[in-house]
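Peer 1: Structure provided below as structure tokens; questions to follow.
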Amino acid sequence: MRNFILKPILITLVIVTISCEQEKTNILIIGDSISIGYTPFVQENLIDVANIFHNPGNAQHTGKGLDSIETWIGDNEWDIIQFNWGLWDLCYRHPDSKEQGKRDKINGKITFNADDYGNNLDAIVKLIRKKSNAELIFVTTSYVPNREAGRFVDDAIKYNEIAQRVMESNHVKINDIYETSKEIHFDYGKGDNDVHYKKEGYKLLGKKIVNFLKHEIK
């Protein structure tokens, strides 16, 4: 009788273990180098509840997003897709610039103007929804410091306002990190001519992302 009783108990335990693993939330993060910087901290903090992946490489601007979004999503069943574009879109570049990435906000040409940026974002949201039933989260553009060679401070604010209107019209949730990123950059940015962060800065940005995702993970 003891052997008979133990067998179903062992089977039950195996079923429960498999069920717990399957309940992890699958999250795809799509974004630029800022998201690449904070993703490892997000993965570390949500390891028990979520499988988190970043699109291969840098998602750059909305033009690349339009070309690549369906490939990045693939045939995977994502529960959440978090995405952002902005810093590349609002960047001015000139072929003769000596700055990294050919940035030049004085003589350069903007990658995508505000109207095109908004239209591209709207088109990307619609492409994602044709490809996936995932919950969508848009993360706003992070802070642009004063002396950045290819970007204007106010453009980040302007593009964020456009993105928020697009997301609201498409019923996409928004994680607004701009003010937080600005505060973090003052202490842990790589300088007043660089949009990037030191390790501690990415860790703090990751905390902002984690806290938002925790509320969305079912």
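Labels for the structure tokens follow display order: chains A, B, ..., residues from 1 in each chain, ligands from 1.
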Env of region 153-163 of chain A: 10 Å cut, atoms = only C-alpha atoms, seq-sep filter 4 positions within chain, self excluded. Answer as number ranges by chain.

Peer 2: A: 84-87, 89-91, 113-115, 117-119, 121-122, 138-148, 167-169, 174, 176, 178-179

Peer 1: Output as a VMD selection string all residues of region 23-116 of chain A that backbone DSSP marks as helix (DSSP H, G or I).

Peer 2: chain A and resid 33 to 45 62 to 73 100 to 102 114 to 116

Peer 1: Would you write out those residues with N, CA and C atoms, as a PDB file, in the first residue's frame?

Peer 2:
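Saved the output as again.pdb:
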```pdb
ATOM      1  N   SER A  33      21.055  51.521 -27.012  1.00  0.00           N
ATOM      2  CA  SER A  33      22.145  51.165 -26.090  1.00  0.00           C
ATOM      3  C   SER A  33      21.780  51.404 -24.626  1.00  0.00           C
ATOM      4  N   ILE A  34      20.855  52.303 -24.359  1.00  0.00           N
ATOM      5  CA  ILE A  34      20.433  52.518 -22.975  1.00  0.00           C
ATOM      6  C   ILE A  34      19.749  51.262 -22.448  1.00  0.00           C
ATOM      7  N   SER A  35      18.876  50.689 -23.256  1.00  0.00           N
ATOM      8  CA  SER A  35      18.200  49.457 -22.839  1.00  0.00           C
ATOM      9  C   SER A  35      19.187  48.289 -22.768  1.00  0.00           C
ATOM     10  N   ILE A  36      20.167  48.275 -23.657  1.00  0.00           N
ATOM     11  CA  ILE A  36      21.200  47.242 -23.597  1.00  0.00           C
ATOM     12  C   ILE A  36      21.943  47.341 -22.264  1.00  0.00           C
ATOM     13  N   GLY A  37      22.159  48.572 -21.809  1.00  0.00           N
ATOM     14  CA  GLY A  37      22.877  48.786 -20.553  1.00  0.00           C
ATOM     15  C   GLY A  37      22.125  48.320 -19.330  1.00  0.00           C
ATOM     16  N   TYR A  38      20.794  48.526 -19.299  1.00  0.00           N
ATOM     17  CA  TYR A  38      20.064  48.147 -18.083  1.00  0.00           C
ATOM     18  C   TYR A  38      19.467  46.742 -18.119  1.00  0.00           C
ATOM     19  N   THR A  39      19.402  46.120 -19.283  1.00  0.00           N
ATOM     20  CA  THR A  39      18.772  44.795 -19.380  1.00  0.00           C
ATOM     21  C   THR A  39      19.390  43.737 -18.467  1.00  0.00           C
ATOM     22  N   PRO A  40      20.726  43.645 -18.334  1.00  0.00           N
ATOM     23  CA  PRO A  40      21.281  42.625 -17.422  1.00  0.00           C
ATOM     24  C   PRO A  40      20.795  42.767 -15.985  1.00  0.00           C
ATOM     25  N   PHE A  41      20.589  43.991 -15.535  1.00  0.00           N
ATOM     26  CA  PHE A  41      20.099  44.207 -14.171  1.00  0.00           C
ATOM     27  C   PHE A  41      18.623  43.818 -14.055  1.00  0.00           C
ATOM     28  N   VAL A  42      17.876  44.034 -15.113  1.00  0.00           N
ATOM     29  CA  VAL A  42      16.470  43.615 -15.136  1.00  0.00           C
ATOM     30  C   VAL A  42      16.392  42.091 -15.113  1.00  0.00           C
ATOM     31  N   GLN A  43      17.216  41.433 -15.915  1.00  0.00           N
ATOM     32  CA  GLN A  43      17.246  39.972 -15.942  1.00  0.00           C
ATOM     33  C   GLN A  43      17.589  39.406 -14.572  1.00  0.00           C
ATOM     34  N   GLU A  44      18.579  39.992 -13.935  1.00  0.00           N
ATOM     35  CA  GLU A  44      19.029  39.518 -12.628  1.00  0.00           C
ATOM     36  C   GLU A  44      17.933  39.645 -11.574  1.00  0.00           C
ATOM     37  N   ASN A  45      17.216  40.743 -11.586  1.00  0.00           N
ATOM     38  CA  ASN A  45      16.219  41.000 -10.554  1.00  0.00           C
ATOM     39  C   ASN A  45      14.900  40.265 -10.775  1.00  0.00           C
ATOM     40  N   THR A  62      13.522  54.338 -35.374  1.00  0.00           N
ATOM     41  CA  THR A  62      12.247  53.734 -35.777  1.00  0.00           C
ATOM     42  C   THR A  62      12.292  53.161 -37.199  1.00  0.00           C
ATOM     43  N   GLY A  63      13.170  53.687 -38.038  1.00  0.00           N
ATOM     44  CA  GLY A  63      13.322  53.134 -39.378  1.00  0.00           C
ATOM     45  C   GLY A  63      13.798  51.692 -39.324  1.00  0.00           C
ATOM     46  N   LYS A  64      14.777  51.439 -38.474  1.00  0.00           N
ATOM     47  CA  LYS A  64      15.251  50.071 -38.298  1.00  0.00           C
ATOM     48  C   LYS A  64      14.163  49.230 -37.639  1.00  0.00           C
ATOM     49  N   GLY A  65      13.416  49.852 -36.737  1.00  0.00           N
ATOM     50  CA  GLY A  65      12.323  49.141 -36.089  1.00  0.00           C
ATOM     51  C   GLY A  65      11.300  48.636 -37.090  1.00  0.00           C
ATOM     52  N   LEU A  66      10.934  49.482 -38.034  1.00  0.00           N
ATOM     53  CA  LEU A  66       9.975  49.092 -39.064  1.00  0.00           C
ATOM     54  C   LEU A  66      10.498  47.923 -39.901  1.00  0.00           C
ATOM     55  N   ASP A  67      11.782  47.945 -40.175  1.00  0.00           N
ATOM     56  CA  ASP A  67      12.387  46.898 -40.998  1.00  0.00           C
ATOM     57  C   ASP A  67      12.582  45.576 -40.241  1.00  0.00           C
ATOM     58  N   SER A  68      12.771  45.652 -38.922  1.00  0.00           N
ATOM     59  CA  SER A  68      13.238  44.481 -38.173  1.00  0.00           C
ATOM     60  C   SER A  68      12.258  43.932 -37.143  1.00  0.00           C
ATOM     61  N   ILE A  69      11.208  44.672 -36.810  1.00  0.00           N
ATOM     62  CA  ILE A  69      10.368  44.304 -35.674  1.00  0.00           C
ATOM     63  C   ILE A  69       9.786  42.892 -35.801  1.00  0.00           C
ATOM     64  N   GLU A  70       9.339  42.520 -36.984  1.00  0.00           N
ATOM     65  CA  GLU A  70       8.735  41.197 -37.154  1.00  0.00           C
ATOM     66  C   GLU A  70       9.774  40.082 -36.978  1.00  0.00           C
ATOM     67  N   THR A  71      10.994  40.343 -37.423  1.00  0.00           N
ATOM     68  CA  THR A  71      12.077  39.369 -37.239  1.00  0.00           C
ATOM     69  C   THR A  71      12.421  39.226 -35.772  1.00  0.00           C
ATOM     70  N   TRP A  72      12.509  40.339 -35.052  1.00  0.00           N
ATOM     71  CA  TRP A  72      12.836  40.289 -33.624  1.00  0.00           C
ATOM     72  C   TRP A  72      11.777  39.537 -32.827  1.00  0.00           C
ATOM     73  N   ILE A  73      10.533  39.721 -33.179  1.00  0.00           N
ATOM     74  CA  ILE A  73       9.455  39.014 -32.466  1.00  0.00           C
ATOM     75  C   ILE A  73       9.484  37.533 -32.817  1.00  0.00           C
ATOM     76  N   GLN A 100      31.971  60.568 -32.596  1.00  0.00           N
ATOM     77  CA  GLN A 100      31.523  59.190 -32.735  1.00  0.00           C
ATOM     78  C   GLN A 100      30.101  59.153 -33.297  1.00  0.00           C
ATOM     79  N   GLY A 101      29.889  58.306 -34.282  1.00  0.00           N
ATOM     80  CA  GLY A 101      28.576  58.211 -34.899  1.00  0.00           C
ATOM     81  C   GLY A 101      28.263  59.364 -35.843  1.00  0.00           C
ATOM     82  N   LYS A 102      29.278  60.165 -36.190  1.00  0.00           N
ATOM     83  CA  LYS A 102      29.101  61.303 -37.104  1.00  0.00           C
ATOM     84  C   LYS A 102      28.078  62.321 -36.582  1.00  0.00           C
ATOM     85  N   ALA A 114      10.113  65.031 -36.137  1.00  0.00           N
ATOM     86  CA  ALA A 114       9.099  64.693 -35.140  1.00  0.00           C
ATOM     87  C   ALA A 114       7.875  64.014 -35.757  1.00  0.00           C
ATOM     88  N   ASP A 115       7.409  64.523 -36.890  1.00  0.00           N
ATOM     89  CA  ASP A 115       6.228  63.934 -37.534  1.00  0.00           C
ATOM     90  C   ASP A 115       6.500  62.506 -37.994  1.00  0.00           C
ATOM     91  N   ASP A 116       7.653  62.301 -38.629  1.00  0.00           N
ATOM     92  CA  ASP A 116       7.995  60.962 -39.106  1.00  0.00           C
ATOM     93  C   ASP A 116       8.182  59.994 -37.933  1.00  0.00           C
TER      94      ASP A 116
END
```

Peer 1: Please run DSSP on the backbone and report, as an mmCIF file with all heavy atoms, in the first residue's frame, all residues within chain A that come out as strand (DSSP E).

Peer 2:
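Output file states.cif follows:
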```cif
data_model
loop_
_atom_site.group_PDB
_atom_site.id
_atom_site.type_symbol
_atom_site.label_atom_id
_atom_site.label_comp_id
_atom_site.auth_asym_id
_atom_site.auth_seq_id
_atom_site.Cartn_x
_atom_site.Cartn_y
_atom_site.Cartn_z
ATOM 1 N N THR A 25 7.067 34.488 -17.033
ATOM 2 C CA THR A 25 6.633 35.428 -18.061
ATOM 3 C C THR A 25 7.746 35.649 -19.083
ATOM 4 O O THR A 25 8.896 35.887 -18.711
ATOM 5 C CB THR A 25 6.249 36.775 -17.417
ATOM 6 O OG1 THR A 25 5.195 36.552 -16.475
ATOM 7 C CG2 THR A 25 5.786 37.773 -18.459
ATOM 8 N N ASN A 26 7.409 35.555 -20.337
ATOM 9 C CA ASN A 26 8.385 35.771 -21.411
ATOM 10 C C ASN A 26 8.335 37.228 -21.861
ATOM 11 O O ASN A 26 7.305 37.703 -22.342
ATOM 12 C CB ASN A 26 8.086 34.849 -22.590
ATOM 13 C CG ASN A 26 8.308 33.395 -22.242
ATOM 14 O OD1 ASN A 26 9.305 33.045 -21.607
ATOM 15 N ND2 ASN A 26 7.389 32.534 -22.641
ATOM 16 N N ILE A 27 9.447 37.924 -21.691
ATOM 17 C CA ILE A 27 9.516 39.360 -21.975
ATOM 18 C C ILE A 27 10.592 39.651 -23.011
ATOM 19 O O ILE A 27 11.742 39.222 -22.873
ATOM 20 C CB ILE A 27 9.810 40.159 -20.687
ATOM 21 C CG1 ILE A 27 8.721 39.901 -19.634
ATOM 22 C CG2 ILE A 27 9.912 41.655 -20.997
ATOM 23 C CD1 ILE A 27 8.996 40.556 -18.290
ATOM 24 N N LEU A 28 10.215 40.389 -24.021
ATOM 25 C CA LEU A 28 11.166 40.858 -25.033
ATOM 26 C C LEU A 28 11.372 42.353 -24.850
ATOM 27 O O LEU A 28 10.411 43.124 -24.855
ATOM 28 C CB LEU A 28 10.634 40.582 -26.441
ATOM 29 C CG LEU A 28 11.454 41.157 -27.610
ATOM 30 C CD1 LEU A 28 12.862 40.557 -27.644
ATOM 31 C CD2 LEU A 28 10.740 40.934 -28.939
ATOM 32 N N ILE A 29 12.631 42.756 -24.666
ATOM 33 C CA ILE A 29 12.989 44.172 -24.571
ATOM 34 C C ILE A 29 13.627 44.588 -25.893
ATOM 35 O O ILE A 29 14.585 43.972 -26.360
ATOM 36 C CB ILE A 29 13.960 44.437 -23.408
ATOM 37 C CG1 ILE A 29 13.269 44.138 -22.070
ATOM 38 C CG2 ILE A 29 14.473 45.879 -23.442
ATOM 39 C CD1 ILE A 29 14.179 44.303 -20.856
ATOM 40 N N ILE A 30 13.070 45.621 -26.495
ATOM 41 C CA ILE A 30 13.589 46.156 -27.756
ATOM 42 C C ILE A 30 14.017 47.595 -27.509
ATOM 43 O O ILE A 30 13.240 48.396 -26.985
ATOM 44 C CB ILE A 30 12.515 46.108 -28.859
ATOM 45 C CG1 ILE A 30 12.098 44.658 -29.137
ATOM 46 C CG2 ILE A 30 13.013 46.777 -30.133
ATOM 47 C CD1 ILE A 30 10.901 44.545 -30.061
ATOM 48 N N ALA A 50 10.577 35.713 -14.610
ATOM 49 C CA ALA A 50 10.500 36.077 -16.031
ATOM 50 C C ALA A 50 11.728 35.617 -16.813
ATOM 51 O O ALA A 50 12.846 35.608 -16.292
ATOM 52 C CB ALA A 50 10.340 37.585 -16.178
ATOM 53 N N ASN A 51 11.490 35.244 -18.058
ATOM 54 C CA ASN A 51 12.555 35.009 -19.029
ATOM 55 C C ASN A 51 12.661 36.277 -19.873
ATOM 56 O O ASN A 51 11.719 36.627 -20.592
ATOM 57 C CB ASN A 51 12.207 33.825 -19.926
ATOM 58 C CG ASN A 51 12.006 32.544 -19.144
ATOM 59 O OD1 ASN A 51 12.841 32.171 -18.324
ATOM 60 N ND2 ASN A 51 10.892 31.863 -19.384
ATOM 61 N N ILE A 52 13.780 36.959 -19.759
ATOM 62 C CA ILE A 52 13.916 38.268 -20.396
ATOM 63 C C ILE A 52 14.991 38.235 -21.475
ATOM 64 O O ILE A 52 16.113 37.799 -21.242
ATOM 65 C CB ILE A 52 14.246 39.350 -19.348
ATOM 66 C CG1 ILE A 52 13.086 39.462 -18.350
ATOM 67 C CG2 ILE A 52 14.505 40.693 -20.016
ATOM 68 C CD1 ILE A 52 13.351 40.388 -17.197
ATOM 69 N N PHE A 53 14.616 38.712 -22.656
ATOM 70 C CA PHE A 53 15.520 38.744 -23.793
ATOM 71 C C PHE A 53 15.550 40.159 -24.378
ATOM 72 O O PHE A 53 14.573 40.896 -24.289
ATOM 73 C CB PHE A 53 15.055 37.770 -24.876
ATOM 74 C CG PHE A 53 14.931 36.351 -24.399
ATOM 75 C CD1 PHE A 53 13.759 35.906 -23.808
ATOM 76 C CD2 PHE A 53 15.994 35.470 -24.531
ATOM 77 C CE1 PHE A 53 13.637 34.592 -23.356
ATOM 78 C CE2 PHE A 53 15.881 34.156 -24.084
ATOM 79 C CZ PHE A 53 14.701 33.721 -23.499
ATOM 80 N N HIS A 54 16.681 40.507 -24.970
ATOM 81 C CA HIS A 54 16.813 41.773 -25.687
ATOM 82 C C HIS A 54 16.977 41.463 -27.162
ATOM 83 O O HIS A 54 17.577 40.454 -27.521
ATOM 84 C CB HIS A 54 18.024 42.563 -25.174
ATOM 85 C CG HIS A 54 18.066 43.995 -25.610
ATOM 86 N ND1 HIS A 54 18.439 44.368 -26.886
ATOM 87 C CD2 HIS A 54 17.767 45.134 -24.946
ATOM 88 C CE1 HIS A 54 18.376 45.690 -26.984
ATOM 89 N NE2 HIS A 54 17.976 46.187 -25.826
ATOM 90 N N ILE A 80 5.017 39.866 -22.759
ATOM 91 C CA ILE A 80 5.212 41.311 -22.710
ATOM 92 C C ILE A 80 6.287 41.701 -23.720
ATOM 93 O O ILE A 80 7.332 41.047 -23.800
ATOM 94 C CB ILE A 80 5.640 41.783 -21.304
ATOM 95 C CG1 ILE A 80 4.547 41.504 -20.274
ATOM 96 C CG2 ILE A 80 6.000 43.273 -21.309
ATOM 97 C CD1 ILE A 80 4.977 41.790 -18.829
ATOM 98 N N ILE A 81 6.025 42.738 -24.483
ATOM 99 C CA ILE A 81 7.058 43.340 -25.333
ATOM 100 C C ILE A 81 7.227 44.785 -24.882
ATOM 101 O O ILE A 81 6.296 45.584 -24.954
ATOM 102 C CB ILE A 81 6.675 43.288 -26.824
ATOM 103 C CG1 ILE A 81 6.578 41.832 -27.299
ATOM 104 C CG2 ILE A 81 7.718 44.046 -27.661
ATOM 105 C CD1 ILE A 81 6.120 41.674 -28.741
ATOM 106 N N GLN A 82 8.414 45.075 -24.369
ATOM 107 C CA GLN A 82 8.752 46.441 -23.956
ATOM 108 C C GLN A 82 9.652 47.042 -25.035
ATOM 109 O O GLN A 82 10.622 46.416 -25.461
ATOM 110 C CB GLN A 82 9.490 46.430 -22.611
ATOM 111 C CG GLN A 82 10.001 47.808 -22.207
ATOM 112 C CD GLN A 82 10.933 47.755 -21.024
ATOM 113 O OE1 GLN A 82 10.536 47.428 -19.926
ATOM 114 N NE2 GLN A 82 12.207 48.092 -21.253
ATOM 115 N N PHE A 83 9.336 48.249 -25.478
ATOM 116 C CA PHE A 83 10.110 48.822 -26.574
ATOM 117 C C PHE A 83 10.308 50.321 -26.389
ATOM 118 O O PHE A 83 9.563 50.986 -25.691
ATOM 119 C CB PHE A 83 9.428 48.533 -27.925
ATOM 120 C CG PHE A 83 8.039 49.111 -28.064
ATOM 121 C CD1 PHE A 83 7.821 50.254 -28.820
ATOM 122 C CD2 PHE A 83 6.947 48.497 -27.455
ATOM 123 C CE1 PHE A 83 6.539 50.782 -28.960
ATOM 124 C CE2 PHE A 83 5.657 49.016 -27.596
ATOM 125 C CZ PHE A 83 5.457 50.159 -28.348
ATOM 126 N N TYR A 92 21.153 64.317 -34.884
ATOM 127 C CA TYR A 92 21.642 64.945 -36.119
ATOM 128 C C TYR A 92 23.023 64.382 -36.452
ATOM 129 O O TYR A 92 23.885 64.266 -35.579
ATOM 130 C CB TYR A 92 21.759 66.458 -35.940
ATOM 131 C CG TYR A 92 20.446 67.177 -35.819
ATOM 132 C CD1 TYR A 92 19.734 67.173 -34.617
ATOM 133 C CD2 TYR A 92 19.914 67.887 -36.896
ATOM 134 C CE1 TYR A 92 18.524 67.851 -34.492
ATOM 135 C CE2 TYR A 92 18.707 68.566 -36.788
ATOM 136 C CZ TYR A 92 18.022 68.544 -35.582
ATOM 137 O OH TYR A 92 16.823 69.213 -35.462
ATOM 138 N N ARG A 93 23.219 64.051 -37.731
ATOM 139 C CA ARG A 93 24.501 63.491 -38.153
ATOM 140 C C ARG A 93 24.978 64.175 -39.439
ATOM 141 O O ARG A 93 24.164 64.619 -40.256
ATOM 142 C CB ARG A 93 24.384 61.981 -38.359
ATOM 143 C CG ARG A 93 23.903 61.231 -37.119
ATOM 144 C CD ARG A 93 23.795 59.724 -37.357
ATOM 145 N NE ARG A 93 23.075 59.048 -36.289
ATOM 146 C CZ ARG A 93 23.614 58.614 -35.155
ATOM 147 N NH1 ARG A 93 24.919 58.769 -34.952
ATOM 148 N NH2 ARG A 93 22.882 58.018 -34.240
ATOM 149 N N LYS A 109 22.036 66.527 -40.337
ATOM 150 C CA LYS A 109 20.638 66.291 -40.700
ATOM 151 C C LYS A 109 20.016 65.342 -39.679
ATOM 152 O O LYS A 109 20.631 64.334 -39.304
ATOM 153 C CB LYS A 109 20.551 65.680 -42.106
ATOM 154 C CG LYS A 109 19.143 65.375 -42.567
ATOM 155 C CD LYS A 109 19.162 64.728 -43.951
ATOM 156 C CE LYS A 109 17.753 64.363 -44.394
ATOM 157 N NZ LYS A 109 17.767 63.691 -45.747
ATOM 158 N N ILE A 110 18.801 65.649 -39.252
ATOM 159 C CA ILE A 110 18.145 64.816 -38.261
ATOM 160 C C ILE A 110 17.768 63.465 -38.875
ATOM 161 O O ILE A 110 17.460 63.369 -40.067
ATOM 162 C CB ILE A 110 16.900 65.529 -37.680
ATOM 163 C CG1 ILE A 110 16.472 64.862 -36.376
ATOM 164 C CG2 ILE A 110 15.754 65.551 -38.693
ATOM 165 C CD1 ILE A 110 15.502 65.690 -35.567
ATOM 166 N N GLU A 135 1.309 41.899 -24.264
ATOM 167 C CA GLU A 135 1.042 43.212 -23.690
ATOM 168 C C GLU A 135 2.196 44.132 -24.081
ATOM 169 O O GLU A 135 3.363 43.724 -24.043
ATOM 170 C CB GLU A 135 0.965 43.119 -22.167
ATOM 171 C CG GLU A 135 0.779 44.441 -21.478
ATOM 172 C CD GLU A 135 0.839 44.339 -19.965
ATOM 173 O OE1 GLU A 135 0.686 43.220 -19.437
ATOM 174 O OE2 GLU A 135 1.062 45.371 -19.318
ATOM 175 N N LEU A 136 1.894 45.370 -24.464
ATOM 176 C CA LEU A 136 2.925 46.293 -24.925
ATOM 177 C C LEU A 136 3.207 47.377 -23.895
ATOM 178 O O LEU A 136 2.282 47.926 -23.292
ATOM 179 C CB LEU A 136 2.502 46.937 -26.246
ATOM 180 C CG LEU A 136 2.154 45.994 -27.398
ATOM 181 C CD1 LEU A 136 1.918 46.792 -28.674
ATOM 182 C CD2 LEU A 136 3.224 44.943 -27.606
ATOM 183 N N ILE A 137 4.489 47.671 -23.739
ATOM 184 C CA ILE A 137 4.931 48.739 -22.843
ATOM 185 C C ILE A 137 5.943 49.598 -23.597
ATOM 186 O O ILE A 137 6.949 49.084 -24.105
ATOM 187 C CB ILE A 137 5.592 48.187 -21.569
ATOM 188 C CG1 ILE A 137 4.606 47.322 -20.773
ATOM 189 C CG2 ILE A 137 6.126 49.338 -20.697
ATOM 190 C CD1 ILE A 137 5.260 46.572 -19.629
ATOM 191 N N PHE A 138 5.679 50.879 -23.671
ATOM 192 C CA PHE A 138 6.633 51.805 -24.282
ATOM 193 C C PHE A 138 7.408 52.524 -23.186
ATOM 194 O O PHE A 138 6.828 53.031 -22.221
ATOM 195 C CB PHE A 138 5.921 52.837 -25.152
ATOM 196 C CG PHE A 138 6.864 53.822 -25.804
ATOM 197 C CD1 PHE A 138 7.572 53.475 -26.937
ATOM 198 C CD2 PHE A 138 7.056 55.086 -25.266
ATOM 199 C CE1 PHE A 138 8.457 54.364 -27.537
ATOM 200 C CE2 PHE A 138 7.929 55.994 -25.851
ATOM 201 C CZ PHE A 138 8.636 55.629 -26.989
ATOM 202 N N VAL A 139 8.726 52.583 -23.344
ATOM 203 C CA VAL A 139 9.596 53.293 -22.401
ATOM 204 C C VAL A 139 10.055 54.593 -23.059
ATOM 205 O O VAL A 139 10.558 54.582 -24.184
ATOM 206 C CB VAL A 139 10.816 52.429 -22.015
ATOM 207 C CG1 VAL A 139 11.769 53.219 -21.113
ATOM 208 C CG2 VAL A 139 10.359 51.157 -21.314
ATOM 209 N N LYS A 173 0.653 50.853 -22.734
ATOM 210 C CA LYS A 173 1.116 51.350 -21.441
ATOM 211 C C LYS A 173 2.455 52.059 -21.592
ATOM 212 O O LYS A 173 3.273 51.701 -22.451
ATOM 213 C CB LYS A 173 1.232 50.201 -20.441
ATOM 214 C CG LYS A 173 -0.117 49.599 -20.083
ATOM 215 C CD LYS A 173 0.020 48.509 -19.043
ATOM 216 C CE LYS A 173 -1.363 47.958 -18.681
ATOM 217 N NZ LYS A 173 -1.269 46.877 -17.675
ATOM 218 N N ILE A 174 2.684 53.070 -20.766
ATOM 219 C CA ILE A 174 3.890 53.889 -20.859
ATOM 220 C C ILE A 174 4.646 53.870 -19.539
ATOM 221 O O ILE A 174 4.067 54.137 -18.474
ATOM 222 C CB ILE A 174 3.542 55.351 -21.213
ATOM 223 C CG1 ILE A 174 2.782 55.417 -22.550
ATOM 224 C CG2 ILE A 174 4.808 56.204 -21.267
ATOM 225 C CD1 ILE A 174 2.192 56.779 -22.837
ATOM 226 N N ASN A 175 5.933 53.563 -19.614
ATOM 227 C CA ASN A 175 6.823 53.696 -18.467
ATOM 228 C C ASN A 175 7.674 54.936 -18.727
ATOM 229 O O ASN A 175 8.619 54.901 -19.510
ATOM 230 C CB ASN A 175 7.700 52.453 -18.311
ATOM 231 C CG ASN A 175 8.575 52.513 -17.063
ATOM 232 O OD1 ASN A 175 8.527 53.479 -16.310
ATOM 233 N ND2 ASN A 175 9.364 51.478 -16.849
#
```

Peer 1: Rank A:Glu23, A:Val195, A:Asn170, A:Asn76 by their smallest atom-to-atom distance to Trp88 (chain A), using only C-alpha atoms, and report the top residue only.

Peer 2: A:Val195

Peer 1: So that I can see what lies close to region 197-204 of chain A, please list as a list in words the residues with an atom at most 7 Å from it, counting only C-alpha atoms and leaving out residues fewer than 3 positions away in the same chain.

Peer 2: Gly37, Tyr38, Phe41, Ile184, His185, Tyr188, Gly189, Lys190, Lys207 and Lys208 of chain A

Peer 1: Please save C-alpha atoms of the selected residues as a CSV table (one decimal), in the first residue's frame.

Peer 2:
```
chain,number,residue,atom,x,y,z
A,37,GLY,CA,22.9,48.8,-20.6
A,38,TYR,CA,20.1,48.1,-18.1
A,41,PHE,CA,20.1,44.2,-14.2
A,184,ILE,CA,20.5,59.5,-12.4
A,185,HIS,CA,22.5,61.1,-15.2
A,188,TYR,CA,26.1,58.5,-12.8
A,189,GLY,CA,26.1,59.7,-16.4
A,190,LYS,CA,29.3,59.4,-18.5
A,207,LYS,CA,15.4,49.3,-11.0
A,208,LYS,CA,12.9,51.7,-12.6
```

Peer 1: Rounded to one decimal place, report the CA of Ser132 (chain A)-CA of His171 (chain A) distance in Å.

Peer 2: 15.1 Å
